[in-house]
Amino acid sequence: MDVSQVKAEILQLRKEIRRHNKKYYELDAPEISDYEYDKLMTRLKELEAAYPEFITPTSPTQMVGGSARREAGKLVAHDVPMLSLQDVFNREDVENFISDMIAKLGAPEFVVEEKIDGLSLALRYVNGKFIQAITRGDGIHQGEDVTENARVIDDVVQTLIDTPKYFEIRGEVYMTRQNFIKVNERQEKLGLKIFANPRNCAAGTLRQLDSRIVKKRRLSMFVFNLQKIDGVEIQSHVEAYNFMVRNGIKIIHAYKVCKTFEEVWQAIEEIGTRREILDYDIDGAVVKVNSFADREKLGATGKVPRWAVAYKYPPDERETVLRKIELSVGRTGRITPTAVFDAVNLNGTKVERATLHNQDFIDTLDVRIGDTIKVYKSGEIIPRVSGVVTSKRPENSTPFKFPDTCPVCSHKLEREESAADYRCVNPNCPAQLENHLLNFGGRNAMDIHGLGETSIPKLIDESFVKTVADVYKLKNFRADLIAKKIFGRDKSTDKILAAIEESKKNSPAKLLTGLGIFGVGSAAARDLIQHFGGLEELSKATLEELQNVPDIGEKTARRIKEFFDDADNIKILSELKEMGLTMEAEKKIIDSAIAGKSFVLTGKLEKFTRDEASKLIAERGGIVKSSVSKNTDYVIAGEKAGSKLAKANGFGIKILSEDEFEEFLGFGAAEE
């Protein structure tokens with residue numbers, strides 16, 4: 001390889017590593033495993049070692065982690081740098097480190113402990129009181145202040161028994177595997193993006209702006225280092241741990257003090273054998289010099305301390321035969337393919353299944369049923385398929401393609417725009433019933449207080465509801481509901497049944513929102529009902545008529561048409577009508593000047609509230625929009641109208657003052 005090729009590869013590696021650093025440290029959304037990342041970094045280090053003239057201060061090998069995210073909280077200067085650790089990957093590397101330390105220090109002690117896979121956090125105490133929590137950020141200059149979030153983590157001690165003048169410690173915030181599963185179950189139930197792994201979830205949670213979310217997700221923390229202490233003399237890492245334990249601080253457990261390489265290596269292997277039975281993820285073992293005086297003597301580079309290394313366990317990879325690919329339907333309709341293969345043992349665990357993510361992932365690996373595949377597990381709960389042994393591929397194999405229809409309800413599948421996922425958009429798909437009912441009873445839809453995350457799974461499990469229409473039949477099973485404590489006792493049950501009955505008076509727009517047609521939210525539902533006057537006329541609309549409604553595109557129009565043409569949906573709507581739900585909007589006051597025209601309200605209105613003005617427009621056949629576009633007919637501008645007014649002027653849209661709006665409504669002439 002000539003020098004120009006070396007330089008080109010170095011530049012490409014730096015670019016790729018920086019992108020992965022941003023995904024991991026700042027966005028909490030890693031795309032590759034730690035093992036794959038380490039391979040990129042190792043290759044870059046090898047090239048820079050061979051060609052030191054190409055090393056720059058901004059190379060990822062010379063820098064720590066990511067940058068501090070300003071939007072996550074105010075930035076705070078580090079009192080002590082929060083450096084990374086030098087990674088090593090084999091027995092020889094560890095032995096070289098131990099030999100080097102012995103040569104420089106004589107007979108040092110080493111501490112070997114678990115390397116928790118989480119988010120690094122520094123805690124500061126003044127006179128024994130917890131005052132501040134800071135993330136690593138850029139590791140050298142500043143991190144993010146996440147004090148309020150740290151206060152709701154049970155493992156963060158608020159008051160120490162001892163009261164050193166200043167005390168700063170560093171630890172790792174993590175999420176137990178059990179809590180991680182619970183959080184992802186809730187994310188999926190709410191139709192939100194699920195987290196890739198516990199580390200990713202813990203990092204994203206700690207950076208939340210709402211500490212109530214942090215408390216609900218139940219983060220944990222281990223402390224692994226004393227950063228600084230004033231007023232108390234502490235000589236070593238183990239002595240610091242003893243001080244922390246005395247003050248109720250949770251430290252890395254089961255650490256070992258060692259004096260020889262063999263003792264160190266044995267401790268590393270012991271951690272490796274138990275990592276799969278832990279309730280949290282670790283991504284290696286750390287070997288540290290125990291004495292603080294020795295650490296001071298050794299110092300640090302610009303990126304890592306010279307007195308410690310992190311041993312990374314190699315991924316446990318096995319070959320096995322893929323027998324089938326199962327498709328499951330999530331609560332939001334997302335289709336997830338899962339590889340089912342001959343059982344293999346990974347890190348002490350029997351594994352027979354691994355996610356294949358989506359069709360794009362399958363296509364990239366060219367995974368086919370009958371293939372010999374490579375499966376590994378690298379510090380994560382979910383095993384991964386890393387590749388295919390094409391030399392062992394059976395003859396006549398064919399590429400795997402998603403079917404056209406849902407494996408549960410046989411409804412046509414759709415691929416999301418600008419995404420890799422396929423989704424079943426049938427709101428009556430049994431696999432989506434829980435999510436469908438949550439949407440139906442939600443605030444933007446039928447707003448039935450008490451019909452929520454606690455009661456809906458019980459209603460489904462006890463077969464009280466199979467469609468949204470069954471919600472209005474629950475009053476017929478009052479005694480059974482009370483006996484099974486679905487909603488609680490008599491009073492609670494009656495209260496919720498009354499709320500269900502009251503919801504029958506809701507507008508047809510709310511009912512349409514609750515029906516869960518994919519792509520039809522509350523704003524689109526309101527526009528559709530305003531345009532057609534009710535569900536009956538809407539159900540008869542042609543594709544062309546549906547697309548005449550502003551902001552209703554071809555795809556959404558087709559979904560609406562398919563929904564109202566479906567026999568099951570027709571039956572549900574008929575039941576809802578028979579049970580007295582409001583299917584048609586109040587009759588409009590036809591106003592030829594307003595009917596069919598779109599309006600946007602902006603600024604502070606003096607004569608009307610926003611709701612009053614919107615109602616007056618809707619009653620006369622007009623349509624109220626939240627944003628200005630070239631298709632907007634009128635903008636009603638009050639005081640301090642901002643960007644919407646400027647945008648309207650740019651499009652040449654007619655601007656109405658409140659007086660002009662009154663005249664437009666026929667309330668009287670505008671004053672001169």
# chains A, B, ... in the order shown; residues from 1 in each chain; ligands from 1
$ residues_around --residues "Met579 of chain A" --least-positions-apart "3" --cutoff "8 Å" --atoms "only C-alpha atoms" --output "PyMOL selection string"
chain A and resi 472+575-576
$ write_last_selection --atoms "all heavy atoms" --output "CSV table (one decimal), in the first residue's frame"
chain,number,residue,atom,x,y,z
A,472,TYR,N,-68.7,-0.4,24.4
A,472,TYR,CA,-70.0,0.2,24.7
A,472,TYR,C,-71.0,-0.9,25.2
A,472,TYR,O,-72.1,-0.6,25.5
A,472,TYR,CB,-70.5,1.0,23.5
A,472,TYR,CG,-69.7,2.2,23.3
A,472,TYR,CD1,-68.7,2.2,22.4
A,472,TYR,CD2,-69.9,3.3,24.1
A,472,TYR,CE1,-67.9,3.3,22.2
A,472,TYR,CE2,-69.1,4.5,23.9
A,472,TYR,CZ,-68.1,4.4,23.0
A,472,TYR,OH,-67.3,5.5,22.8
A,575,GLU,N,-72.8,-1.1,14.5
A,575,GLU,CA,-73.0,-1.4,16.0
A,575,GLU,C,-72.9,-0.1,16.7
A,575,GLU,O,-73.7,0.2,17.6
A,575,GLU,CB,-72.0,-2.4,16.5
A,575,GLU,CG,-72.3,-3.8,16.0
A,575,GLU,CD,-71.3,-4.8,16.7
A,575,GLU,OE1,-71.5,-5.1,17.9
A,575,GLU,OE2,-70.4,-5.2,16.0
A,576,LEU,N,-71.8,0.7,16.4
A,576,LEU,CA,-71.6,2.0,17.1
A,576,LEU,C,-72.8,2.9,16.9
A,576,LEU,O,-73.2,3.7,17.8
A,576,LEU,CB,-70.3,2.6,16.6
A,576,LEU,CG,-69.0,1.9,17.0
A,576,LEU,CD1,-67.8,2.6,16.3
A,576,LEU,CD2,-68.8,1.9,18.5
$ select_by_dssp --residues "segment 346-383 of chain A" --states "helix (DSSP H, G or I)" --output "PyMOL selection string"
chain A and resi 359-365
$ write_last_selection --atoms "C-alpha atoms" --output "JSON list (two decimals), in the first residue's frame"
[["chain", "number", "residue", "atom", "x", "y", "z"],
["A", 359, "GLN", "CA", -36.30, -6.64, 4.85],
["A", 360, "ASP", "CA", -33.33, -4.35, 4.17],
["A", 361, "PHE", "CA", -31.22, -6.16, 6.79],
["A", 362, "ILE", "CA", -32.18, -9.53, 5.27],
["A", 363, "ASP", "CA", -31.30, -8.26, 1.78],
["A", 364, "THR", "CA", -27.95, -6.84, 2.90],
["A", 365, "LEU", "CA", -26.84, -10.17, 4.41]]
$ atom_distance --atom1 "atom CA of Leu226 of chain A" --atom2 "atom CA of Asp100 of chain A"
23.8 Å
$ residues_around --residues "segment 157-159 of chain A" --least-positions-apart "2" --cutoff "12 Å" --atoms "only C-alpha atoms" --output "PyMOL selection string"
chain A and resi 123-133+147-148+150-155+161-164+167+169+220-223+244-251
$ select_by_dssp --residues "segment 410-489 of chain A" --states "strand (DSSP E or B)" --output "ChimeraX atom specification"
/A:412-415,422-424
$ residues_around --residues "Asp551 of chain A" --least-positions-apart "6" --cutoff "12 Å" --atoms "only C-alpha atoms" --output "PyMOL selection string"
chain A and resi 519-521+523-528+557+598+623+625-632
$ atom_distance --atom1 "atom CA of Ser614 of chain A" --atom2 "atom CA of Lys510 of chain A"
16.0 Å
$ residues_around --residues "segment 292-299 of chain A" --least-positions-apart "5" --cutoff "6 Å" --atoms "only C-alpha atoms" --output "PyMOL selection string"
chain A and resi 235-236+306-307
$ write_last_selection --atoms "C-alpha atoms" --output "short mmCIF file (atom, residue, chain, number, x, y, z; two decimals), in the first residue's frame"
data_model
loop_
_atom_site.label_atom_id
_atom_site.label_comp_id
_atom_site.auth_asym_id
_atom_site.auth_seq_id
_atom_site.Cartn_x
_atom_site.Cartn_y
_atom_site.Cartn_z
CA GLN A 235 -4.25 6.30 49.64
CA SER A 236 -5.70 3.72 47.26
CA ARG A 306 -1.54 5.08 31.85
CA TRP A 307 -2.45 3.15 35.01
#
$ closest_residue --among "A:Lys607, A:Ile369, A:Gly638, A:Gly231" --to "Glu662 of chain A" --atoms "only C-alpha atoms"
A:Lys607
$ residues_around --residues "Ser507 of chain A" --least-positions-apart "5" --cutoff "10 Å" --atoms "only C-alpha atoms" --output "VMD selection string"
chain A and resid 445 to 446 512 526 529 534 581 to 586
$ residues_around --residues "Asn225 of chain A" --least-positions-apart "5" --cutoff "10 Å" --atoms "only C-alpha atoms" --output "list of chain:residue names"
A:Ala122, A:Glu168, A:Ile169, A:Arg170, A:Gly171, A:Glu172, A:His237, A:Val238, A:Ala240, A:Tyr241, A:Met244, A:Ile251, A:Ile252
$ closest_residue --among "A:Thr390, A:Thr542, A:Thr405, A:Thr176" --to "Cys429 of chain A" --atoms "only C-alpha atoms"
A:Thr405
$ atom_distance --atom1 "atom CA of Val549 of chain A" --atom2 "atom CA of His531 of chain A"
6.9 Å
$ closest_residue --among "A:Asn149, A:Ile448, A:Pro57, A:Asn345" --to "Asp210 of chain A" --atoms "only C-alpha atoms"
A:Asn149
$ closest_residue --among "A:Ile277, A:Leu206, A:Val304, A:Ile134" --to "Thr61 of chain A" --atoms "only C-alpha atoms"
A:Val304
